[in-house]
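K.L.:
Handing over entry-v4.cif, mmCIF, C-alpha atoms.
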data_run
loop_
_atom_site.label_atom_id
_atom_site.label_comp_id
_atom_site.auth_asym_id
_atom_site.auth_seq_id
_atom_site.Cartn_x
_atom_site.Cartn_y
_atom_site.Cartn_z
CA MET A 1 16.20 18.94 8.29
CA GLY A 2 12.56 19.06 9.40
CA LYS A 3 10.28 16.11 9.86
CA ARG A 4 9.62 14.05 6.77
CA VAL A 5 6.02 14.05 5.60
CA ALA A 6 4.46 10.71 4.66
CA LEU A 7 1.18 10.20 2.82
CA VAL A 8 -0.32 6.75 3.44
CA THR A 9 -3.35 5.84 1.36
CA GLY A 10 -5.97 3.54 2.83
CA ALA A 11 -4.59 4.15 6.30
CA SER A 12 -7.74 3.99 8.42
CA ARG A 13 -7.24 0.32 9.31
CA GLY A 14 -5.23 -2.84 8.76
CA LEU A 15 -1.87 -2.58 7.06
CA GLY A 16 -2.26 1.11 6.23
CA ALA A 17 -2.86 1.99 9.88
CA ALA A 18 0.14 -0.13 10.92
CA ILE A 19 2.32 1.71 8.39
CA ALA A 20 1.07 5.11 9.53
CA ARG A 21 1.84 4.29 13.16
CA LYS A 22 5.30 2.93 12.34
CA LEU A 23 6.29 5.95 10.26
CA ALA A 24 5.08 8.24 13.03
CA GLN A 25 7.24 6.30 15.50
CA GLN A 26 10.19 7.05 13.22
CA GLY A 27 9.43 10.75 13.43
CA CYS A 28 7.40 11.38 10.29
CA ASN A 29 4.37 13.59 10.07
CA VAL A 30 1.65 11.39 8.59
CA ILE A 31 -1.36 11.94 6.36
CA VAL A 32 -3.91 9.22 7.14
CA ASN A 33 -5.90 8.91 3.93
CA TYR A 34 -9.28 7.22 3.85
CA ALA A 35 -12.13 6.80 1.39
CA SER A 36 -15.15 6.30 3.66
CA SER A 37 -13.97 5.16 7.12
CA LYS A 38 -13.81 8.63 8.64
CA GLU A 39 -14.13 7.61 12.31
CA LYS A 40 -11.45 4.91 12.01
CA ALA A 41 -9.07 7.26 10.21
CA GLU A 42 -9.55 10.01 12.75
CA LYS A 43 -8.94 7.49 15.52
CA VAL A 44 -5.62 6.46 13.95
CA ALA A 45 -4.62 10.12 13.61
CA ALA A 46 -5.65 10.82 17.21
CA GLU A 47 -3.60 7.88 18.46
CA ILE A 48 -0.55 9.27 16.69
CA GLY A 49 -1.28 12.83 17.84
CA GLN A 50 -2.80 15.87 16.16
CA ASP A 51 0.57 17.58 15.95
CA GLN A 52 1.93 14.67 13.91
CA ALA A 53 -1.01 13.24 11.95
CA ILE A 54 -4.09 14.35 10.05
CA ALA A 55 -6.89 12.26 8.51
CA ILE A 56 -7.92 13.39 5.01
CA GLN A 57 -10.63 11.87 2.84
CA ALA A 58 -10.05 11.14 -0.84
CA ASP A 59 -10.98 8.39 -3.26
CA VAL A 60 -7.54 7.80 -4.74
CA ARG A 61 -9.07 6.73 -8.04
CA GLU A 62 -10.29 10.30 -8.53
CA LYS A 63 -7.54 12.69 -9.65
CA ALA A 64 -9.24 15.86 -8.43
CA GLU A 65 -9.82 14.38 -4.97
CA VAL A 66 -6.17 13.33 -4.73
CA GLU A 67 -4.97 16.78 -5.74
CA ARG A 68 -7.20 18.34 -3.08
CA MET A 69 -5.89 15.89 -0.47
CA VAL A 70 -2.25 16.65 -1.25
CA ALA A 71 -2.90 20.40 -1.16
CA GLU A 72 -4.61 20.09 2.23
CA ALA A 73 -1.84 17.86 3.58
CA GLU A 74 0.88 20.25 2.47
CA GLU A 75 -0.94 23.19 3.99
CA LYS A 76 -0.80 21.34 7.31
CA PHE A 77 2.68 19.79 7.23
CA GLY A 78 4.52 21.13 4.21
CA PRO A 79 5.78 19.25 1.13
CA VAL A 80 5.29 15.49 0.90
CA ASP A 81 8.48 13.42 1.03
CA ILE A 82 7.10 9.86 1.15
CA VAL A 83 4.18 8.29 -0.71
CA ILE A 84 2.81 4.91 0.37
CA ASN A 85 0.24 3.54 -2.09
CA ASN A 86 -1.60 1.03 0.07
CA ALA A 87 -5.33 1.59 -0.57
CA LEU A 88 -7.33 -1.51 -1.50
CA VAL A 89 -10.54 -0.97 -3.43
CA ASN A 90 -13.54 -3.27 -2.93
CA PHE A 91 -11.82 -6.59 -2.47
CA LYS A 92 -11.99 -9.31 0.16
CA PHE A 93 -9.72 -12.34 0.38
CA ASP A 94 -12.62 -14.76 0.35
CA PRO A 95 -11.74 -18.08 -1.33
CA ILE A 96 -15.38 -19.13 -1.36
CA ALA A 97 -16.80 -15.97 -2.93
CA GLN A 98 -13.96 -15.47 -5.43
CA ALA A 99 -15.31 -15.71 -8.98
CA SER A 100 -14.07 -18.68 -11.02
CA VAL A 101 -12.63 -18.20 -14.49
CA GLU A 102 -16.01 -19.03 -16.04
CA ASN A 103 -17.65 -16.16 -14.17
CA LEU A 104 -14.98 -13.48 -14.20
CA THR A 105 -15.77 -10.19 -15.90
CA TRP A 106 -13.46 -7.55 -17.31
CA GLU A 107 -15.18 -5.04 -15.04
CA GLN A 108 -13.82 -6.97 -12.03
CA TYR A 109 -10.30 -6.79 -13.45
CA ASN A 110 -10.66 -3.13 -14.33
CA GLU A 111 -11.86 -2.23 -10.84
CA GLN A 112 -8.68 -3.65 -9.35
CA LEU A 113 -6.45 -2.15 -12.04
CA GLU A 114 -7.92 1.27 -11.31
CA GLY A 115 -7.56 0.72 -7.56
CA ALA A 116 -3.89 -0.26 -7.92
CA VAL A 117 -2.36 1.39 -10.98
CA LYS A 118 -4.62 4.38 -11.66
CA ALA A 119 -4.71 5.31 -7.98
CA SER A 120 -0.92 5.10 -7.71
CA LEU A 121 -0.51 7.28 -10.78
CA ASN A 122 -2.90 9.89 -9.35
CA VAL A 123 -1.07 10.06 -6.03
CA ILE A 124 2.42 10.14 -7.51
CA GLN A 125 1.50 12.86 -10.00
CA ALA A 126 -0.13 15.00 -7.32
CA ALA A 127 2.86 14.70 -4.99
CA LEU A 128 5.55 14.84 -7.68
CA PRO A 129 6.42 18.55 -7.47
CA SER A 130 7.17 18.11 -3.77
CA LEU A 131 8.95 14.79 -4.25
CA LYS A 132 11.27 16.36 -6.82
CA GLU A 133 12.31 19.01 -4.31
CA SER A 134 12.78 16.57 -1.42
CA SER A 135 16.22 15.32 -0.43
CA HIS A 136 14.80 11.96 0.70
CA ALA A 137 11.85 11.25 -1.61
CA ARG A 138 10.31 7.79 -1.55
CA VAL A 139 7.49 6.04 -3.41
CA ILE A 140 6.49 2.72 -1.86
CA GLN A 141 3.82 0.47 -3.32
CA ILE A 142 2.04 -2.32 -1.51
CA GLY A 143 1.94 -5.52 -3.55
CA THR A 144 1.33 -9.19 -2.86
CA ASN A 145 3.22 -12.47 -2.98
CA LEU A 146 0.21 -14.03 -4.70
CA PHE A 147 1.61 -13.11 -8.12
CA GLN A 148 4.42 -15.55 -7.38
CA ASN A 149 2.51 -18.16 -5.38
CA PRO A 150 -1.27 -17.99 -5.91
CA VAL A 151 -2.36 -20.05 -2.92
CA VAL A 152 -5.85 -18.96 -3.92
CA ALA A 153 -6.62 -17.77 -7.47
CA TYR A 154 -7.64 -14.21 -6.64
CA HIS A 155 -7.54 -13.43 -10.36
CA GLN A 156 -8.33 -9.75 -10.63
CA TYR A 157 -6.48 -8.66 -7.48
CA THR A 158 -3.30 -10.58 -8.28
CA THR A 159 -3.26 -9.42 -11.90
CA ALA A 160 -3.55 -5.77 -10.85
CA LYS A 161 -0.72 -6.11 -8.35
CA ALA A 162 1.46 -7.82 -10.96
CA ALA A 163 0.84 -4.85 -13.24
CA LEU A 164 1.83 -2.59 -10.37
CA ILE A 165 5.30 -4.15 -10.33
CA GLY A 166 5.92 -3.03 -13.91
CA PHE A 167 4.45 0.37 -13.12
CA THR A 168 6.75 0.75 -10.11
CA ARG A 169 9.92 -0.22 -11.96
CA ASN A 170 9.19 2.24 -14.74
CA MET A 171 8.66 4.92 -12.09
CA ALA A 172 11.99 3.96 -10.50
CA LYS A 173 13.72 4.36 -13.86
CA GLU A 174 12.28 7.78 -14.65
CA LEU A 175 12.20 9.30 -11.18
CA GLY A 176 15.70 8.23 -10.20
CA GLN A 177 17.14 11.30 -11.92
CA TYR A 178 15.38 13.39 -9.27
CA GLY A 179 16.69 11.30 -6.38
CA ILE A 180 13.31 9.59 -5.91
CA THR A 181 13.28 5.87 -5.17
CA ALA A 182 10.33 3.65 -6.06
CA ASN A 183 9.89 0.19 -4.58
CA MET A 184 7.23 -2.35 -3.77
CA VAL A 185 6.69 -4.33 -0.58
CA SER A 186 4.71 -7.51 -1.15
CA GLY A 187 3.29 -9.07 1.96
CA GLY A 188 1.82 -12.48 2.30
CA LEU A 189 -1.69 -13.12 3.53
CA LEU A 190 -1.96 -10.87 6.58
CA GLU A 191 -3.44 -11.98 9.88
CA THR A 192 -5.80 -10.31 10.24
CA THR A 193 -7.05 -7.25 8.36
CA ASP A 194 -10.56 -6.32 7.23
CA ALA A 195 -9.75 -7.69 3.79
CA SER A 196 -8.57 -11.04 5.16
CA ALA A 197 -11.22 -11.35 7.88
CA VAL A 198 -13.28 -13.64 5.63
CA THR A 199 -10.33 -15.87 4.78
CA THR A 200 -11.03 -19.37 6.01
CA PRO A 201 -8.90 -20.81 8.86
CA GLU A 202 -7.78 -23.59 6.54
CA VAL A 203 -6.05 -21.11 4.25
CA PHE A 204 -4.20 -19.48 7.15
CA THR A 205 -3.10 -22.95 8.30
CA ILE A 206 -1.81 -23.87 4.84
CA VAL A 207 0.12 -20.61 4.59
CA ALA A 208 1.71 -21.01 8.03
CA GLU A 209 2.68 -24.64 7.48
CA SER A 210 4.13 -23.86 4.05
CA SER A 211 6.30 -20.95 5.18
CA ALA A 212 9.90 -21.30 6.32
CA MET A 213 9.16 -19.54 9.60
CA LYS A 214 5.93 -21.53 10.22
CA ARG A 215 3.89 -18.39 10.87
CA VAL A 216 1.45 -16.11 9.10
CA THR A 217 2.65 -12.61 8.26
CA GLN A 218 1.37 -9.76 10.45
CA PRO A 219 0.66 -6.20 9.30
CA GLU A 220 3.48 -4.99 11.54
CA ASP A 221 5.96 -7.23 9.68
CA VAL A 222 5.19 -5.46 6.42
CA ALA A 223 5.13 -2.04 8.10
CA GLU A 224 8.70 -2.60 9.34
CA MET A 225 9.96 -3.12 5.77
CA VAL A 226 8.02 -0.11 4.50
CA ALA A 227 9.60 1.98 7.26
CA PHE A 228 13.07 0.79 6.23
CA LEU A 229 12.48 1.69 2.58
CA ALA A 230 11.23 5.10 3.72
CA SER A 231 14.37 5.67 5.77
CA PRO A 232 17.62 7.35 4.70
CA GLY A 233 19.29 3.94 4.88
CA ALA A 234 17.40 2.78 1.79
CA ARG A 235 18.64 5.60 -0.45
CA ALA A 236 20.33 3.16 -2.88
CA VAL A 237 17.40 0.73 -3.11
CA THR A 238 15.03 1.32 -6.02
CA GLY A 239 13.03 -0.67 -8.55
CA GLN A 240 12.78 -3.60 -6.15
CA ASN A 241 9.91 -5.83 -5.10
CA ILE A 242 10.65 -7.04 -1.58
CA VAL A 243 8.54 -9.95 -0.38
CA VAL A 244 7.70 -10.14 3.32
CA ASP A 245 6.00 -13.48 3.91
CA ASN A 246 8.10 -15.49 6.37
CA GLY A 247 9.73 -17.43 3.55
CA LEU A 248 6.57 -18.74 1.91
CA THR A 249 8.06 -17.58 -1.38
CA MET A 250 11.75 -17.09 -2.09
CA ASN A 251 13.40 -15.05 -4.84
#
Have the structure of the file written as structure tokens, please.
P.N.:
Amino acid sequence: MGKRVALVTGASRGLGAAIARKLAQQGCNVIVNYASSKEKAEKVAAEIGQDQAIAIQADVREKAEVERMVAEAEEKFGPVDIVINNALVNFKFDPIAQASVENLTWEQYNEQLEGAVKASLNVIQAALPSLKESSHARVIQIGTNLFQNPVVAYHQYTTAKAALIGFTRNMAKELGQYGITANMVSGGLLETTDASAVTTPEVFTIVAESSAMKRVTQPEDVAEMVAFLASPGARAVTGQNIVVDNGLTMN
């Protein structure tokens, strides 16, 4: 069996970069997708090594761009085995700037729904022919524990990720016949990514003090669980939402 090929969306920085590095450490060839951060994405790919990683631009909300990205990736490494839908579109975890219910617009909700659900659909559909032929196909979505414990009411983001849970479980049901698993990994507030850089210290303190482990979740913590779900050892795990947040929430 050759190297597995993993496509990680939004992998130029933060959690996506941590996932890309971890999967590479486990022997995968990695596609480092980015929307606009070309230099950062190419740096991540260079750190991994040009023989094992390639940075490819695509706005995952655009079906044609995703199809082009998958075609380019497969020309480089061969068929995709693992899809990690991680990209975050135009959102910052800023409790001060977050719109209140009086000021929310449907456009804000729709932007996040397209960034989470539409983007995931585009990527899965583009990679599906290869996933169906793979002997170890995986679809892994990145969610959030905020749907269960909204420490801050990030309305549009949390709603989109909650929708993504239903999307993922339906994918698990339909794709299981092809040997494809579909799961979600929901991290807590991560310390620190570009999206959480504007989070106030008070929120990080509340999260740490409220968690069982008395610590804030790191990108590497979530990447470890993603890597497990991408591994052969997770072949019987599908349709699950696994929360990685140091026991802030418990299922």
K.L.:
With all atoms listed in the file as the basis for distance, which of A:Gly179, A:Ala230, A:Ala153, A:Ala223 is at the shortest distance from A:Ala97?
P.N.:
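Of all the options, A:Ala153 lies closest to A:Ala97.
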K.L.:
Name the residues in contact with A:Ala87 at a cut-off of 9 Å, using all atoms listed in the file, excluding same-chain residues fewer than 2 positions from it; report them as a VMD selection string.
P.N.:
chain A and resid 8 to 11 16 33 to 35 60 84 to 85 89 115 to 116 119 142
K.L.:
I would like the residues chosen by the PyMOL selection byres ((chain A and resi 207-209) around 12) on the shown file; could you give them as a PyMOL selection string?
P.N.:
chain A and resi 145-146+149-152+188-191+199-206+210-218+245-249
K.L.:
Using the chain letters and numbers from the file, give me the residues hit by the PyMOL selection byres ((chain A and resi 83) around 10), as a ChimeraX atom specification.
P.N.:
/A:5-9,31,80-82,84-86,120,123-124,127-128,131,137-141,182,230
K.L.:
Any chance you could work out the residue set of the PyMOL selection byres ((chain A and resi 4) around 10) here, as a count of residues only?
P.N.:
24
K.L.:
Between atom CA of A:Glu74 and atom CA of A:Ser130, what is the spacing in Å?
P.N.:
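For atom CA of A:Ser130 relative to atom CA of A:Glu74, the distance reads 9.1 Å.
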K.L.:
If we count only C-alpha atoms, what is near stretch 158-160 of chain A at a cut-off of 6 Å, once residues fewer than 4 positions away on the same chain are taken out, given as a PyMOL selection string?
P.N.:
chain A and resi 112-113+147+154
K.L.:
Box time for stretch 181-193 of chain A: axis-aligned, enclosing all its listed atoms, 8 Å extra on each side; report centre and edge lengths in Å to one decimal, as lines of an AutoDock Vina configuration file.
P.N.:
center_x = 3.1
center_y = -3.6
center_z = 2.1
size_x = 36.3
size_y = 35.0
size_z = 32.3
K.L.:
Between A:Glu67, A:Glu107, A:Phe93, A:Val185, which has the minimum distance to A:Pro129 (counting all atoms listed in the file)?
P.N.:
A:Glu67
